[in-house]
Amino acid sequence: MTAIRTTCAYCGVGCGISATLTGPRAVTIKGDVAHPANEGRLCSKGTHLGETVGLEGRLLHPEIGGKRVSWDRAIGHVAKRFADTIARHGPDSVAFYVSGQLLTEDYYVANKLMKGFIGSANIDTNSRLCMSSAVAGHSRAFGEDVVPATYADLDEADLIILVGSNTAWCHPVVYQRIMAAREKRGTKLVVIDPRRTETSEGADLHLPLRPGSDVALMNGLLAHCVAAGLLDFSFLKNSVSMPDGFWETLAAPGNDLWSVARTCDLQPADLQRFYDLFAAHPRTVTLFSQGINQSIRGTDQVNAIINVHLATGRIGKPGAAPFSITGQPNAMGGREVGGLASTLAAHMDFAAGNVARVGRFWAAPRMATKPGLKAVDLFRSIREGRVKALWVMATNPAVSLPDANMVREALDMCPFVVVSDCIADTDTGRFAHVKLPATGWGEKDGTVTNSERLVSRQRALFPPAGEARGDWWIVTQVARAMGWREAFAYDRPADIFREHARLSAYQNDGERLFNLRGHATLSNPGYDALEPFRWGGVPFADGRFPTPDGKARLVPVVQMELQAPLADWPMTLNTGRYRDQWHTMTRTGLSPKLSAHRQEPLVEIHPADAERLGITEGALARVATPQGTSIFRATISEGQRPGDIFTPIHWTDRQSTGGRTGLLPRPLVDPHSGQPGFKSTPARLEKVAVEWRGFLIARSLPDRIDALYATKVRVPQGWLVEFAGEGDPAMLAKALLPKGERVETSDPARGQMRIAVLDQGQVSAAFYVSRTGSLPRREWLVAQLTAASAAPSLELLAGRPAAPQVDRGPIICVCFDVGMKTIVQAISGQQLTTVEAVGAALSAGTNCGSCRPAIQRLIGETREAAHA
């Protein structure tokens with residue numbers, strides 16, 4: 001069997017994959033050792049991609065009004081409705097909302113159709129939610145959206161600063177590279193994050209700054225560089241322009257050590273240590289992610305970081321650069337083709353000369369001449385009736401956008417909604433008048449660009465499921481049906497890639513670094529065999545920037561006044577990712593192994609706040625903001641700052657009645673980038689009292705679970721549902737349990753009910769409820785779904801086997817299915833003192849590496865307990 005080289009479906013690290021087919025819809029996944037982004041490494045999500053390529057939940061046929069139709073009818077209907085809307089209300093009455101899950105070729109044709117032929121710039125992307133502040137910051141400082149770093153810079157840095165990035169969880173392969181640099185060359189690591197995450201475990205310094213104070217921190221660092229003589233005056237003179245009064249502003253009160261420490265709520269000694277580390281290590285990479293970007297001052301925070309690097313000459317050199325790392329597999333490709341409403345195409349903005357240039361290249365009949373509506377404003381305009389037709393591609397805005405209730409109102413009011421997706425039932429798809437089946441990962445064919453500007457091929461492993469088609473094909477067919485056949489006469493993704501490359505080079509004599517001239521004549525076989533390549537060389541190594549005067553710009557930024565806690569909303573909500581889940585879980589939610597790490601959406605609370613509110617570990621808590629409320633399982637964490645809480649972004653109405661983080665953030669955006677501020681929403685937290693709690697394991701589930709709180713995750717051959725509520729739990733059992741032979745027991749004194757349902761001698765479901773007592777562990781019961789025959793009835797009702805079972809504890813290493821108690825027992829029993837020793841004994845931590853910080857922490861805790 002021949003391995004197919006492709007690229008991972010998840011984050012912007014852009015890992016190469018070697019995939020070997022083992023059946024019609026089965027594949028073995030390994031890291032591609034020849035791919036420069038990962039050199040064979042994969043995280044847990046990439047490792048378990050093989051569990052997600054089946055046809056469960058797939059949208060297989062076009063639908064209009066919920067009824068299956070032919071592709072010709074669906075394409076004709078979409079084209080007519082869009083054309084009629086444009087004719088009646090103008091081009092700005094329609095919009096596309098697209099995704100970093102699209103391939104570059106998909107993105108290119110969608111952008112071309114909207115901006116060059118429909119004549120509006122109302123195409124925006126879910127990448128607006130994760131990295132558009134980096135785009136705006138790069139453009140302000142460099143004159144172009146160029147990431148001036150590669151992963152190789154991490155290998156050569158003496159100091160790595162992680163700002164607003166839980167790299168160990170969100171970009172594990174990059175984290176492994178950082179750890180390798182620390183081991184090989186003694187690279188120092190500083191983590192700047194309000195939370196003490198796994199990434200901060202073992203760092204040389206963790207700065208748990210006050211949310212929203214990043215500008216003060218970086219301005220303070222730059223003021224220290226001025227005072228300590230760390231500026232690179234030669235570089236500043238030859239390569240940087242600065243506005244009048246820039247240095248005087250830095251010298252103003254508020255940027256001294258003590259003032260910055262007070263603003264950021266940091267210990268002055270820790271802040272001084274940060275300054276000293278920066279001074280001592282000129283080879284510095286500052287890697288930043290969503291904690292910087294997802295802020296209503298995100299662009300200023302990006303420029304505050306870049307200012308420090310420009311002023312000290314730490315850019316364009318090995319091991320020295322500011323480095324924005326993206327969240328989605330093709331967020332960068334979308335930036336290259338103009339997938340944002342605020343850009344045109346090929347790194348060009350809407351300057352008149354650029355509009356004319358792109359119009360000539362496309363032979364476009366009606367070019368957009370100004371930026372379009374950014375994501376939050378777009379859905380607000382839909383709700384207000386100004387946008388009347390919307391096409392959503394490969395994303396789920398009913399969940400992922402802030403103030404998701406408003407987004408749902410907008411979708412419900414929109415006269416015409418088209419959704420092209422690979423999943424049949426999404427929160428957004430339920431508002432669609434037309435559904436178009438798109439190919440999913442493993443069926444797509446095209447290119448993606450990762451965080452370091454590396455272009456890689458994503459290759460098809462399987463034929464399209466059902467009648468699914470590539471997004472590029474769907475858009476092209478609609479464009480042809482609207483009358484633009486010649487402009488969209490593409491037969492294959494390679495045709496689009498060549499045109500994309502030609503546009504990047506068209507009348508580009510060095511004004512823009514983004515230039516794919518060398519690939520503009522790539523043959524079809526050459527495209528099929530395309531090896532990963534990086535555009536842009538080593539940006540700014542010659543001290544020249546793509547600005548009119550060839551110089552970078554220092555951008556004055558000032559720390560905004562931070563709001564004191566509000567009486568009605570005294571806490572601050574931060575949101576983010578879990579290690580083993582992705583976006584709204586339509587893909588990762590299919591994997592039982594990935595679901596083992598975090599089986600419920602948790603709200604993380606500092607112990608002092610939990611005690612004050614009477615919330616205990618495992619209790620239910622309601623998070624409320626002015627936009628909405630949702631219920632989460634509570635977990636007590638010393639890693640939270642007092643007054644701050646954290647919730648994950650992944651859960652939707654498809655998996656849970658609670659955990660709906662998207663309902664909670666404010667729809668406030670950065671004034672420059674339009675990126676929403678997900679990281680600091682005023683909130684309130686309260687304990688939720690319930691009469692009973694329980695869980696269900698089952699091979700199948702009804703569409704709806706009527707309980708105050710219910711959340712489901714995949715397990716082998718079925719589902720695990722955790723629930724809690726009020727009233728009579730017997731009614732819930734009646735609704736959830738399938739028909740079959742029943743064994744059951746109840747204990748009214750303890751308020752317990754236990755029911756197992758058998759089908760032909762196997763367990764098909766088991767239901768456990770308690771009002772006051774304990775509940776059995778889930779692991780053994782989940783295993784009954786895959787057992788050839790059911791355990792004895794008494795064991796099923798007891799929820800455990802007659803012979804005691806080893807308790808592995810919560811899963812720490814998903815790659816090798818190793819639990820916490822197993823690791824602790826090995827550490828204690830075998831006197832293991834290093835993560836490597838634990839890996840040798842149990843394999844834990846030897847694959848993706850994202851659990852290594854947790855293992856290191858367990859080693860420390862076990863050692864402390866032994867000496868207590």
# chains A, B, ... in the order shown; residues from 1 in each chain; ligands from 1
$ closest_atom_pairs --of "segment 99-198 of chain A" --to "segment 510-513 of chain A" --cutoff "12 Å" --atoms "only C-alpha atoms" --output "CSV"
residue,atom,partner,partner_atom,distance
A:Ser139,CA,A:Arg512,CA,11.3
A:Phe142,CA,A:Arg512,CA,10.5
A:Gly143,CA,A:Arg512,CA,8.7
A:Glu144,CA,A:Arg512,CA,7.0
A:Asp145,CA,A:Leu513,CA,9.2
A:Val146,CA,A:Leu513,CA,7.7
A:Val147,CA,A:Leu513,CA,10.6
A:Pro148,CA,A:Leu513,CA,10.9
$ write_last_selection --atoms "N, CA and C atoms" --output "compact mmCIF listing (two decimals), in the first residue's frame"
# COMPACT_ATOMS: atom_id res chain seq x y z
N SER A 139 0.26 44.99 8.92
CA SER A 139 0.11 45.99 7.85
C SER A 139 0.50 47.38 8.34
N PHE A 142 4.59 46.92 8.92
CA PHE A 142 5.46 46.48 7.83
C PHE A 142 4.99 46.95 6.46
N GLY A 143 3.75 47.44 6.37
CA GLY A 143 3.20 47.79 5.07
C GLY A 143 2.56 46.63 4.35
N GLU A 144 2.65 45.42 4.91
CA GLU A 144 2.08 44.22 4.31
C GLU A 144 1.91 43.18 5.41
N ASP A 145 0.94 42.31 5.22
CA ASP A 145 0.68 41.26 6.19
C ASP A 145 1.70 40.13 6.01
N VAL A 146 2.87 40.32 6.60
CA VAL A 146 3.95 39.34 6.48
C VAL A 146 4.35 38.86 7.87
N VAL A 147 4.32 37.55 8.07
CA VAL A 147 4.84 36.98 9.31
C VAL A 147 6.35 36.82 9.17
N PRO A 148 7.14 37.57 9.95
CA PRO A 148 8.60 37.60 9.72
C PRO A 148 9.35 36.54 10.50
$ select_by_dssp --residues "segment 683-786 of chain A" --states "helix (DSSP H, G or I)" --output "JSON, numbers by chain"
{"A": [729, 730, 731, 732, 733, 734, 735, 736, 779, 780, 781, 782, 783, 784, 785, 786]}
$ select_by_dssp --residues "segment 35-174 of chain A" --states "strand (DSSP E or B)" --output "list in words"
Arg58, Glu63, Ile64, Lys67, Arg68, Val94, Ala95, Phe96, Tyr97, Val98, Ile123, Asp124, Thr125, Leu159, Ile160, Ile161, Leu162 and Val163 of chain A
$ closest_atom_pairs --of "segment 163-233 of chain A" --to "segment 579-597 of chain A" --cutoff "12 Å" --atoms "only C-alpha atoms" --output "Markdown table"
| residue | atom | partner | partner_atom | distance |
| --- | --- | --- | --- | --- |
| A:Asn166 | CA | A:Arg579 | CA | 9.3 |
| A:Thr167 | CA | A:Arg579 | CA | 9.6 |
| A:Ala168 | CA | A:Arg579 | CA | 8.1 |
| A:Trp169 | CA | A:Arg579 | CA | 4.5 |
| A:Cys170 | CA | A:Arg579 | CA | 6.1 |
| A:His171 | CA | A:Arg579 | CA | 8.9 |
| A:Pro172 | CA | A:Arg579 | CA | 8.7 |
| A:Thr197 | CA | A:Arg579 | CA | 11.2 |
| A:Glu198 | CA | A:Arg579 | CA | 10.1 |
| A:Thr199 | CA | A:Arg579 | CA | 11.4 |
$ write_last_selection --atoms "N, CA and C atoms" --output "short mmCIF file (atom, residue, chain, number, x, y, z; two decimals), in the first residue's frame"
data_model
loop_
_atom_site.label_atom_id
_atom_site.label_comp_id
_atom_site.auth_asym_id
_atom_site.auth_seq_id
_atom_site.Cartn_x
_atom_site.Cartn_y
_atom_site.Cartn_z
N ASN A 166 -1.56 29.19 24.87
CA ASN A 166 -1.39 27.92 25.58
C ASN A 166 -0.84 26.91 24.59
N THR A 167 0.42 27.11 24.21
CA THR A 167 1.02 26.40 23.09
C THR A 167 1.02 24.89 23.31
N ALA A 168 1.22 24.46 24.53
CA ALA A 168 1.28 23.02 24.81
C ALA A 168 -0.01 22.32 24.42
N TRP A 169 -1.13 23.02 24.52
CA TRP A 169 -2.42 22.44 24.15
C TRP A 169 -2.85 22.79 22.74
N CYS A 170 -2.64 24.04 22.33
CA CYS A 170 -3.21 24.51 21.07
C CYS A 170 -2.29 24.31 19.88
N HIS A 171 -0.99 24.25 20.11
CA HIS A 171 -0.02 24.00 19.03
C HIS A 171 1.06 23.06 19.57
N PRO A 172 0.69 21.81 19.90
CA PRO A 172 1.62 20.93 20.60
C PRO A 172 2.92 20.66 19.85
N THR A 197 -1.36 27.90 32.75
CA THR A 197 -1.74 26.74 31.94
C THR A 197 -0.61 25.72 31.92
N GLU A 198 -0.86 24.62 31.21
CA GLU A 198 0.18 23.59 31.06
C GLU A 198 1.43 24.17 30.40
N THR A 199 1.24 25.17 29.55
CA THR A 199 2.38 25.77 28.88
C THR A 199 3.32 26.45 29.86
#
$ residues_around --residues "Ala152 of chain A" --least-positions-apart "4" --cutoff "12 Å" --atoms "only C-alpha atoms" --output "list in words"
Pro36, Ala37, Asn38, Glu39, Pro148, Glu156, Ala157, Val174, Arg177, Ile178, Ala180, Ala181, Val285, Lys317, Pro318, Gly319, Ala320, Ala321, Phe323, Glu452 and Val538 of chain A
$ residues_around --residues "segment 806-821 of chain A" --least-positions-apart "6" --cutoff "9 Å" --atoms "only C-alpha atoms" --output "PyMOL selection string"
chain A and resi 43-45+47-48+580+593-598+777+779+842-852+854-855+858
$ residues_around --residues "Pro464 of chain A" --least-positions-apart "2" --cutoff "10 Å" --atoms "only C-alpha atoms" --output "ChimeraX atom specification"
/A:60,437-444,460-462,466-470
$ residues_around --residues "Asp644 of chain A" --least-positions-apart "4" --cutoff "10 Å" --atoms "only C-alpha atoms" --output "list in words"
Pro194, Arg195, Arg210, Pro211, Pro570, Met571, Thr572, Leu573, Asn574, Glu604, Ile605, His606, Asp609, Gln640, Ser680, Thr681, Pro682 and Ala683 of chain A
$ residues_around --residues "Val558 of chain A" --least-positions-apart "2" --cutoff "7 Å" --atoms "only C-alpha atoms" --output "list in words"
Val215, Pro556 and Met560 of chain A
$ atom_distance --atom1 "atom CA of Ala149 of chain A" --atom2 "atom CA of Lys679 of chain A"
25.5 Å
$ closest_residue --among "A:Arg693, A:Arg196, A:Arg750, A:Arg68" --to "Phe767 of chain A" --atoms "only C-alpha atoms"
A:Arg693
$ atom_distance --atom1 "atom CA of Ala352 of chain A" --atom2 "atom CA of Arg140 of chain A"
18.7 Å
$ atom_distance --atom1 "atom CA of Gln784 of chain A" --atom2 "atom CA of Gly658 of chain A"
27.2 Å
$ closest_atom_pairs --of "segment 515-621 of chain A" --to "segment 482-492 of chain A" --cutoff "12 Å" --atoms "only C-alpha atoms" --output "tab-separated table"
residue	atom	partner	partner_atom	distance
A:Ser523	CA	A:Arg492	CA	11.8
A:Asn524	CA	A:Arg492	CA	8.9
A:Pro525	CA	A:Arg492	CA	11.9
A:Tyr527	CA	A:Arg492	CA	10.5
A:Asp528	CA	A:Arg492	CA	10.9
$ closest_residue --among "A:His650, A:Arg544, A:Arg699, A:Arg771" --to "Ala749 of chain A" --atoms "only C-alpha atoms"
A:Arg771
$ closest_residue --among "A:Met1, A:Asp124, A:Ala624, A:Leu310" --to "Met242 of chain A" --atoms "only C-alpha atoms"
A:Leu310
